[in-house]
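Next up, run28.txt (compact mmCIF, C-alpha atoms):
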# COMPACT_ATOMS: atom_id res chain seq x y z
CA MET R 1 -18.69 -65.37 -38.41
CA ASP R 2 -17.89 -65.92 -34.73
CA THR R 3 -19.63 -68.83 -33.04
CA PRO R 4 -22.11 -67.51 -30.45
CA CYS R 5 -21.33 -68.44 -26.88
CA PHE R 6 -23.85 -69.51 -24.24
CA MET R 7 -23.21 -69.29 -20.52
CA GLY R 8 -24.54 -71.13 -17.52
CA ILE R 9 -24.11 -69.84 -13.97
CA ASP R 10 -24.65 -72.10 -10.97
CA VAL R 11 -25.66 -69.90 -8.04
CA ALA R 12 -24.88 -70.54 -4.38
CA LYS R 13 -24.98 -68.28 -1.36
CA GLU R 14 -21.20 -67.77 -1.37
CA ALA R 15 -20.11 -68.25 -4.99
CA LEU R 16 -21.10 -68.22 -8.66
CA VAL R 17 -19.74 -70.97 -10.93
CA VAL R 18 -19.61 -69.98 -14.61
CA HIS R 19 -19.36 -72.25 -17.66
CA VAL R 20 -19.05 -71.11 -21.29
CA HIS R 21 -20.37 -73.25 -24.15
CA PRO R 22 -18.91 -74.32 -26.57
CA THR R 23 -15.39 -73.27 -25.46
CA ALA R 24 -15.74 -75.22 -22.16
CA GLU R 25 -14.16 -72.40 -20.19
CA GLY R 26 -15.14 -72.08 -16.57
CA TRP R 27 -14.36 -70.07 -13.46
CA THR R 28 -15.75 -69.14 -10.05
CA VAL R 29 -16.40 -65.71 -8.56
CA PRO R 30 -17.66 -64.77 -5.08
CA ASN R 31 -21.35 -63.89 -4.83
CA THR R 32 -20.58 -60.39 -3.55
CA VAL R 33 -20.94 -56.87 -4.90
CA ALA R 34 -17.30 -56.84 -6.02
CA GLY R 35 -17.56 -60.32 -7.50
CA LEU R 36 -20.71 -59.41 -9.46
CA ALA R 37 -19.08 -56.26 -10.83
CA THR R 38 -16.10 -58.28 -12.04
CA LEU R 39 -18.39 -60.95 -13.51
CA GLY R 40 -20.48 -58.39 -15.40
CA GLU R 41 -17.41 -56.83 -17.00
CA ARG R 42 -15.92 -60.21 -17.93
CA LEU R 43 -19.13 -61.53 -19.48
CA ALA R 44 -19.88 -58.29 -21.32
CA SER R 45 -16.48 -58.46 -23.03
CA ARG R 46 -17.42 -61.84 -24.51
CA GLY R 47 -20.83 -60.80 -25.87
CA PRO R 48 -22.79 -63.93 -24.89
CA ALA R 49 -25.90 -64.87 -26.87
CA LEU R 50 -27.65 -66.00 -23.69
CA ILE R 51 -26.92 -66.47 -19.98
CA VAL R 52 -29.00 -68.92 -17.95
CA LEU R 53 -29.31 -69.25 -14.16
CA GLU R 54 -31.59 -71.40 -12.01
CA ALA R 55 -34.06 -69.96 -9.51
CA THR R 56 -32.45 -70.60 -6.11
CA GLY R 57 -34.79 -69.01 -3.61
CA GLY R 58 -33.43 -65.50 -3.98
CA TYR R 59 -29.65 -66.03 -4.10
CA GLU R 60 -29.77 -65.42 -7.86
CA THR R 61 -31.52 -62.03 -7.57
CA ALA R 62 -28.41 -59.87 -7.19
CA ALA R 63 -26.63 -61.65 -10.03
CA VAL R 64 -29.60 -61.30 -12.39
CA ALA R 65 -29.95 -57.61 -11.53
CA ALA R 66 -26.23 -56.95 -12.07
CA LEU R 67 -26.10 -58.78 -15.39
CA GLY R 68 -29.34 -57.19 -16.59
CA ALA R 69 -28.07 -53.74 -15.65
CA ALA R 70 -24.99 -54.46 -17.76
CA GLY R 71 -27.26 -55.06 -20.75
CA LEU R 72 -26.62 -58.80 -20.91
CA PRO R 73 -29.30 -61.31 -22.08
CA VAL R 74 -29.99 -63.17 -18.84
CA VAL R 75 -32.89 -65.47 -17.96
CA VAL R 76 -33.84 -67.41 -14.82
CA VAL R 77 -35.27 -70.89 -15.39
CA ASN R 78 -37.04 -73.55 -13.33
CA PRO R 79 -34.53 -75.95 -11.68
CA ARG R 80 -36.82 -78.93 -12.31
CA GLN R 81 -36.80 -78.23 -16.04
CA VAL R 82 -33.00 -78.06 -16.07
CA ARG R 83 -32.66 -81.26 -14.04
CA ALA R 84 -34.94 -83.12 -16.45
CA PHE R 85 -32.80 -81.79 -19.33
CA ALA R 86 -29.62 -82.99 -17.57
CA LYS R 87 -31.00 -86.51 -17.16
CA ALA R 88 -32.15 -86.55 -20.78
CA THR R 89 -28.60 -85.77 -21.91
CA GLY R 90 -27.11 -88.45 -19.66
CA ARG R 91 -25.63 -86.15 -17.03
CA LEU R 92 -26.57 -87.85 -13.77
CA ALA R 93 -23.85 -86.34 -11.57
CA LYS R 94 -24.68 -83.14 -9.72
CA THR R 95 -21.93 -80.74 -8.71
CA ASP R 96 -21.61 -76.98 -9.04
CA ARG R 97 -19.34 -77.33 -12.06
CA VAL R 98 -21.58 -79.90 -13.76
CA ASP R 99 -24.66 -77.80 -13.04
CA ALA R 100 -23.06 -74.75 -14.67
CA GLU R 101 -22.13 -76.86 -17.70
CA VAL R 102 -25.69 -78.19 -17.99
CA LEU R 103 -27.12 -74.67 -17.74
CA ALA R 104 -24.86 -73.48 -20.57
CA LEU R 105 -25.89 -76.43 -22.74
CA PHE R 106 -29.54 -75.80 -21.83
CA ALA R 107 -29.14 -72.19 -22.97
CA GLU R 108 -27.75 -73.32 -26.33
CA ARG R 109 -30.27 -76.13 -26.99
CA VAL R 110 -33.51 -74.76 -25.49
CA ARG R 111 -32.99 -71.00 -25.90
CA PRO R 112 -35.46 -69.86 -23.18
CA ALA R 113 -36.97 -66.45 -23.91
CA VAL R 114 -35.40 -63.44 -22.22
CA ARG R 115 -38.01 -61.38 -20.38
CA PRO R 116 -37.65 -57.77 -19.19
CA LEU R 117 -36.28 -57.42 -15.68
CA THR R 118 -38.79 -56.74 -12.94
CA ASP R 119 -38.59 -53.16 -11.72
CA ALA R 120 -37.67 -52.32 -8.13
CA ALA R 121 -41.26 -51.55 -7.06
CA THR R 122 -42.49 -54.94 -8.28
CA GLN R 123 -39.60 -56.69 -6.53
CA ASP R 124 -40.57 -54.92 -3.31
CA LEU R 125 -44.16 -56.06 -3.72
CA GLU R 126 -43.01 -59.65 -4.35
CA ALA R 127 -40.87 -59.49 -1.19
CA LEU R 128 -43.84 -58.29 0.87
CA LEU R 129 -46.03 -61.08 -0.50
CA LEU R 130 -43.36 -63.65 0.28
CA ARG R 131 -43.04 -62.29 3.81
CA ARG R 132 -46.81 -62.47 4.23
CA ARG R 133 -46.79 -66.16 3.24
CA GLN R 134 -43.95 -66.83 5.67
CA LEU R 135 -45.82 -65.12 8.52
CA LEU R 136 -48.97 -67.11 7.76
CA GLU R 137 -47.01 -70.38 7.78
CA MET R 138 -45.38 -69.55 11.11
CA LEU R 139 -48.69 -68.39 12.59
CA THR R 140 -50.43 -71.62 11.55
CA ALA R 141 -47.60 -73.73 13.00
CA GLU R 142 -47.64 -71.89 16.34
CA LYS R 143 -51.43 -72.15 16.64
CA ASN R 144 -51.21 -75.88 15.96
CA ARG R 145 -48.56 -76.25 18.67
CA LEU R 146 -50.69 -74.28 21.11
CA GLY R 147 -53.45 -76.84 20.93
CA LEU R 148 -51.16 -79.58 22.30
CA ALA R 149 -48.78 -77.48 24.37
CA ARG R 150 -48.06 -78.11 28.05
CA LYS R 151 -48.68 -75.28 30.50
CA PRO R 152 -45.00 -74.14 30.86
CA ILE R 153 -44.74 -73.15 27.16
CA ARG R 154 -48.26 -71.85 26.48
CA LYS R 155 -47.32 -68.31 27.56
CA SER R 156 -44.41 -68.25 25.13
CA LEU R 157 -46.56 -69.55 22.29
CA LYS R 158 -49.30 -66.99 22.93
CA ALA R 159 -46.77 -64.15 22.98
CA HIS R 160 -45.26 -65.32 19.70
CA ILE R 161 -48.71 -65.69 18.10
CA ALA R 162 -49.60 -62.13 19.13
CA TYR R 163 -46.32 -60.88 17.65
CA LEU R 164 -46.92 -62.73 14.36
CA GLU R 165 -50.45 -61.34 14.12
CA ARG R 166 -49.10 -57.81 14.59
CA GLU R 167 -46.48 -58.38 11.90
CA LEU R 168 -49.12 -59.78 9.56
CA ARG R 169 -51.30 -56.69 10.00
CA ARG R 170 -48.29 -54.45 9.39
CA THR R 171 -47.34 -56.39 6.26
CA ASP R 172 -50.89 -56.11 4.93
CA ALA R 173 -50.74 -52.37 5.52
CA ASP R 174 -47.40 -52.17 3.69
CA LEU R 175 -48.89 -54.11 0.76
CA GLY R 176 -51.79 -51.67 0.58
CA ALA R 177 -49.44 -48.70 0.67
CA ALA R 178 -47.25 -50.19 -2.08
CA VAL R 179 -50.22 -50.61 -4.39
CA ALA R 180 -51.62 -47.18 -3.54
CA ALA R 181 -48.28 -45.55 -4.43
CA SER R 182 -48.58 -46.55 -8.11
CA PRO R 183 -51.42 -45.09 -10.23
CA LEU R 184 -51.14 -48.00 -12.70
CA TRP R 185 -51.22 -50.59 -9.92
CA ARG R 186 -54.19 -48.84 -8.29
CA ALA R 187 -56.13 -49.00 -11.56
CA THR R 188 -55.23 -52.65 -12.15
CA ASP R 189 -55.96 -53.54 -8.54
CA ASP R 190 -59.41 -51.93 -8.87
CA LEU R 191 -60.10 -53.90 -12.05
CA LEU R 192 -59.10 -57.20 -10.44
CA GLN R 193 -61.04 -56.59 -7.24
CA SER R 194 -64.16 -55.72 -9.21
CA VAL R 195 -64.50 -59.48 -9.81
CA PRO R 196 -66.49 -61.27 -7.06
CA GLY R 197 -64.06 -63.66 -5.38
CA ILE R 198 -60.91 -61.61 -5.97
CA GLY R 199 -59.75 -59.95 -2.77
CA PRO R 200 -56.76 -57.72 -1.93
CA VAL R 201 -54.24 -60.54 -1.39
CA VAL R 202 -55.12 -62.35 -4.62
CA ALA R 203 -55.08 -59.09 -6.60
CA ARG R 204 -51.65 -58.14 -5.24
CA THR R 205 -50.30 -61.62 -5.90
CA LEU R 206 -51.37 -61.30 -9.52
CA LEU R 207 -49.86 -57.80 -9.75
CA ALA R 208 -46.47 -58.91 -8.45
CA GLU R 209 -46.14 -62.48 -9.66
CA LEU R 210 -48.09 -62.53 -12.92
CA PRO R 211 -47.14 -59.32 -14.77
CA GLU R 212 -47.96 -61.08 -18.07
CA LEU R 213 -51.68 -61.06 -17.21
CA GLY R 214 -53.53 -59.23 -19.97
CA THR R 215 -50.71 -59.55 -22.52
CA LEU R 216 -51.02 -63.23 -23.50
CA THR R 217 -53.69 -65.37 -25.14
CA ARG R 218 -56.00 -67.45 -22.97
CA ARG R 219 -54.04 -70.63 -23.74
CA GLN R 220 -50.69 -69.02 -23.01
CA ILE R 221 -51.77 -67.54 -19.67
CA ALA R 222 -53.35 -70.85 -18.57
CA ALA R 223 -50.15 -72.74 -19.40
CA LEU R 224 -47.98 -70.12 -17.69
CA VAL R 225 -49.91 -70.40 -14.40
CA GLY R 226 -50.21 -74.18 -14.67
CA VAL R 227 -53.99 -74.61 -14.94
CA ALA R 228 -54.02 -76.01 -18.48
CA PRO R 229 -54.60 -79.80 -18.55
CA VAL R 230 -51.63 -81.76 -19.90
CA ALA R 231 -52.25 -84.83 -22.06
CA CYS R 232 -50.84 -88.22 -21.02
CA ASP R 233 -51.53 -90.50 -23.99
CA SER R 234 -49.54 -93.33 -25.53
CA GLY R 235 -50.73 -95.37 -28.50
CA ALA R 236 -54.30 -96.49 -27.89
CA GLN R 237 -54.09 -95.60 -24.20
CA ARG R 238 -55.73 -92.36 -23.15
CA GLY R 239 -54.52 -91.21 -19.76
CA LYS R 240 -56.13 -88.72 -17.43
CA ARG R 241 -55.39 -85.07 -18.07
CA ALA R 242 -53.83 -83.24 -15.15
CA ILE R 243 -52.38 -79.82 -14.43
CA THR R 244 -48.69 -79.49 -13.67
CA GLY R 245 -45.88 -76.94 -13.55
CA GLY R 246 -46.60 -73.23 -13.71
CA ARG R 247 -46.35 -70.66 -10.92
CA ALA R 248 -47.35 -72.39 -7.70
CA SER R 249 -47.89 -69.24 -5.63
CA VAL R 250 -50.20 -67.74 -8.27
CA ARG R 251 -52.07 -71.03 -8.60
CA SER R 252 -52.56 -71.26 -4.82
CA ALA R 253 -53.99 -67.74 -4.69
CA LEU R 254 -56.22 -68.45 -7.68
CA TYR R 255 -57.49 -71.64 -6.02
CA MET R 256 -58.68 -69.74 -2.95
CA ALA R 257 -60.24 -67.06 -5.14
CA THR R 258 -62.09 -69.70 -7.15
CA LEU R 259 -63.42 -71.38 -4.01
CA CYS R 260 -64.92 -68.03 -3.04
CA ALA R 261 -66.13 -67.36 -6.58
CA THR R 262 -68.10 -70.63 -6.73
CA ARG R 263 -70.27 -69.10 -4.00
CA ARG R 264 -70.26 -65.37 -4.78
CA ASN R 265 -69.61 -65.06 -8.52
CA THR R 266 -72.68 -65.88 -10.64
CA VAL R 267 -70.67 -66.76 -13.75
CA ILE R 268 -68.24 -69.08 -11.97
CA ARG R 269 -70.93 -70.57 -9.74
CA THR R 270 -73.14 -71.40 -12.73
CA TYR R 271 -70.21 -72.94 -14.61
CA TYR R 272 -69.17 -75.00 -11.57
CA GLN R 273 -72.70 -76.30 -11.01
CA HIS R 274 -72.99 -77.14 -14.71
CA LEU R 275 -69.80 -79.23 -14.64
CA VAL R 276 -70.82 -81.08 -11.47
CA ALA R 277 -74.24 -81.80 -13.00
CA LEU R 278 -72.45 -83.36 -15.98
CA GLY R 279 -70.78 -85.79 -13.58
CA LYS R 280 -67.37 -84.12 -13.31
CA ALA R 281 -65.53 -84.67 -10.04
CA LYS R 282 -65.71 -81.59 -7.83
CA LYS R 283 -61.95 -81.12 -7.89
CA VAL R 284 -61.91 -81.34 -11.70
CA ALA R 285 -64.76 -78.83 -11.88
CA LEU R 286 -62.92 -76.49 -9.53
CA VAL R 287 -59.74 -76.58 -11.63
CA ALA R 288 -61.81 -75.85 -14.74
CA CYS R 289 -63.29 -72.87 -12.91
CA MET R 290 -59.78 -71.69 -11.97
CA ARG R 291 -58.87 -71.65 -15.64
CA LYS R 292 -62.09 -69.86 -16.60
CA LEU R 293 -61.58 -67.21 -13.90
CA LEU R 294 -57.98 -66.66 -15.01
CA VAL R 295 -59.05 -66.30 -18.66
CA ILE R 296 -61.70 -63.75 -17.68
CA LEU R 297 -59.15 -61.76 -15.66
CA ASN R 298 -56.73 -61.90 -18.59
CA ALA R 299 -59.40 -60.54 -20.94
CA MET R 300 -60.39 -57.79 -18.49
CA LEU R 301 -56.82 -56.51 -18.20
CA HIS R 302 -56.30 -56.84 -21.94
CA THR R 303 -59.29 -54.58 -22.63
CA ARG R 304 -59.00 -52.58 -19.35
CA THR R 305 -62.69 -53.36 -18.75
CA PRO R 306 -64.14 -53.79 -15.25
CA TRP R 307 -66.09 -56.89 -14.27
CA ARG R 308 -69.37 -57.61 -15.98
CA PRO R 309 -71.38 -60.83 -15.49
CA CYS R 310 -71.40 -61.35 -19.25
CA LEU R 311 -68.23 -62.89 -20.68
CA VAL R 312 -65.55 -60.56 -21.99
CA ALA R 313 -63.94 -61.07 -25.37
CA GLN R 314 -60.71 -63.06 -25.10
CA PRO R 315 -57.37 -61.82 -26.48
CA GLN R 316 -56.14 -64.20 -29.18

What's the structure tokens form of this structure?
Amino acid sequence: MDTPCFMGIDVAKEALVVHVHPTAEGWTVPNTVAGLATLGERLASRGPALIVLEATGGYETAAVAALGAAGLPVVVVNPRQVRAFAKATGRLAKTDRVDAEVLALFAERVRPAVRPLTDAATQDLEALLLRRRQLLEMLTAEKNRLGLARKPIRKSLKAHIAYLERELRRTDADLGAAVAASPLWRATDDLLQSVPGIGPVVARTLLAELPELGTLTRRQIAALVGVAPVACDSGAQRGKRAITGGRASVRSALYMATLCATRRNTVIRTYYQHLVALGKAKKVALVACMRKLLVILNAMLHTRTPWRPCLVAQPQ
């Protein structure tokens, strides 16, 4: 029986560095349409068991799409997880070639699960959400500068702020149109927004960046988002539990939704007040409410049931 091969691809803006484990072969191709076509053909001929790339802020998107379209088992992983794996195996150096080698070894040892590729409509929605966050960051920065600006530059700042506000309104309109164009998204969006505290931006963030919502158990979805407390114990010592990892953009949106829900949502408000009355720190209580709200949303989408103040059965 042939030994299965595992591949790691280090992604940069200009090039893709490939390493094959266990044969230790390696090569580099340009990160272009022609280069990706050549890479897909070359990898398909070898029948890899798994191909792993790191998330690199979008430079990996074209490569993942090309390899997925070729029917290859490709998965994108968190760079922090790979770096921790590299240190654990004694690989302290960091170059493109070493990174590709570590990714191939990570593929063979860890075997991260291959998930279905995101369809084009969902990728468009993710891009619009990312652009909205960028516009908000720029708008906040310019407004902060305006408060301390000298007279000669105030006109420029005000003009730029007006432009960013127009772009933000247009992006929000595009987000609404994207959701309205899909009957399934419209139905899911209506379910999510039936919950007090969940607004359009949070609902669309969940649609685009948490497609697993409603398909996992309550523990799995909490761990995926990063709102499940992680133990930190050693021997007789019992450390404080804290949340870590997960999908930061989803967690940020859920945090704002939970803040609103502690005021407007009777279930979340009651739970929050109960935890505070027990002596829990307000931040700890708020994180617990984030997890509870996420679990409720997960159950609602699992059963396709709109919001009810009574708790919904959880998928196991």

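Only residues having an atom at most 6 Å from (-26.9, -72.0, -10.5) are included; using all atoms listed in the file, these are Ile9, Asp10, Val11, Leu53 and Glu54 of chain R.
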
Excluding same-chain residues fewer than 6 positions from region 263-266 of chain R, what lies within 9 Å of it counting all atoms listed in the file, as a VMD selection string?
chain R and resid 195 to 197 309

Take the residues from that selection and put them in a file with C-alpha atoms, as a short mmCIF file (atom, residue, chain, number, x, y, z; two decimals), in the coordinates of the input.
data_model
loop_
_atom_site.label_atom_id
_atom_site.label_comp_id
_atom_site.auth_asym_id
_atom_site.auth_seq_id
_atom_site.Cartn_x
_atom_site.Cartn_y
_atom_site.Cartn_z
CA VAL R 195 -64.50 -59.48 -9.81
CA PRO R 196 -66.49 -61.27 -7.06
CA GLY R 197 -64.06 -63.66 -5.38
CA PRO R 309 -71.38 -60.83 -15.49
#

Rank nothing, just name the residue among R:Gly246, R:Gly235, R:Gly176, R:Pro306 nearest to Val77 (chain R), using all atoms listed in the file.
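Of all the options, R:Gly246 lies closest to Val77 (chain R).
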
Selection near Cys289 (chain R), 10 Å with only C-alpha atoms, sequence-local residues under 2 positions removed, as a list in words
Val227, Leu254, Tyr255, Thr258, Leu259, Ala261, Thr262, Val267, Ile268, Arg269, Thr270, Tyr271, Tyr272, Leu275, Lys283, Val284, Ala285, Leu286, Val287, Arg291, Lys292, Leu293, Leu294 and Val295 of chain R

What gap, in Å, lies between CA of Val29 (chain R) and CA of Val110 (chain R)?
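A separation of 25.7 Å between them.
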
d(CA of Asp172 (chain R), CA of Ala248 (chain R)) in Å
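Result for CA of Asp172 (chain R) versus CA of Ala248 (chain R): 20.9 Å, one decimal.
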
Contact check, region 84-189 of chain R to region 208-218 of chain R, at most 10 Å, counting all atoms listed in the file, closest pairs as JSON lines:
{"residue": "R:Thr118", "atom": "CA", "partner": "R:Pro211", "partner_atom": "CA", "distance": 8.9}
{"residue": "R:Ala121", "atom": "CA", "partner": "R:Ala208", "partner_atom": "CA", "distance": 9.1}
{"residue": "R:Thr122", "atom": "CA", "partner": "R:Ala208", "partner_atom": "CA", "distance": 5.6}
{"residue": "R:Gln123", "atom": "CA", "partner": "R:Ala208", "partner_atom": "CA", "distance": 7.5}
{"residue": "R:Asp124", "atom": "CA", "partner": "R:Ala208", "partner_atom": "CA", "distance": 8.8}
{"residue": "R:Leu125", "atom": "CA", "partner": "R:Ala208", "partner_atom": "CA", "distance": 6.0}
{"residue": "R:Glu126", "atom": "CA", "partner": "R:Ala208", "partner_atom": "CA", "distance": 5.4}
{"residue": "R:Ala127", "atom": "CA", "partner": "R:Ala208", "partner_atom": "CA", "distance": 9.2}
{"residue": "R:Leu128", "atom": "CA", "partner": "R:Ala208", "partner_atom": "CA", "distance": 9.7}
{"residue": "R:Leu129", "atom": "CA", "partner": "R:Ala208", "partner_atom": "CA", "distance": 8.3}
{"residue": "R:Val179", "atom": "CA", "partner": "R:Ala208", "partner_atom": "CA", "distance": 10.0}
{"residue": "R:Trp185", "atom": "CA", "partner": "R:Ala208", "partner_atom": "CA", "distance": 9.7}

For Arg204 (chain R), which residue among R:Ala15, R:Asp174, R:Glu108, R:Ala55 is the nearest when counting only C-alpha atoms?
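Ranking R:Ala15, R:Asp174, R:Glu108, R:Ala55 by distance to Arg204 (chain R), first place goes to R:Asp174.
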
So how far away is CA of Leu175 (chain R) from CA of Pro200 (chain R), in Å?
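Value for the CA of Pro200 (chain R)-CA of Leu175 (chain R) distance: 9.1 Å.
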
Pick out the closest residue to Arg247 (chain R) from this set: R:Arg111, R:Asn78, R:Arg166, R:Ala178. Count all atoms listed in the file.
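Of R:Arg111, R:Asn78, R:Arg166, R:Ala178, the one nearest Arg247 (chain R), counting all atoms listed in the file, is R:Asn78.
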
If we count only C-alpha atoms, what is near Leu136 (chain R) at a cut-off of 10 Å, once residues fewer than 3 positions away on the same chain are taken out, given as a VMD selection string?
chain R and resid 130 to 133 139 to 142 164 to 165 167 to 168

Name the closest residue to Asp190 (chain R) among the candidates R:Ala203, R:Ala299, R:Val82, R:Ala62; distances are taken between atoms, counting all atoms listed in the file.
R:Ala203

List as a ChimeraX atom specification the protein and nucleic acid residues near Phe106 (chain R), meaning an atom at most 12 Å away when all atoms listed in the file are counted, but skip any in the same chain fewer than 3 places from it.
/R:6-9,19-22,50-54,75-79,81-89,99-103,109-112

Ile243 (chain R) surroundings by all atoms listed in the file, 10 Å radius, close-in-sequence under 2 positions cut, as a ChimeraX atom specification:
/R:222-223,225-231,241,245-246,287

Please determine, counting only C-alpha atoms, which residue among R:Leu207, R:Ala34, R:Ile296, R:Gly279 has the shortest atom-to-atom distance to Arg186 (chain R).
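The answer is R:Leu207, which sits nearest to Arg186 (chain R).
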
Between R:Pro152, R:Leu224, R:Thr61, R:Ala70, which is the closest to Arg42 (chain R) once you count all atoms listed in the file?
R:Ala70
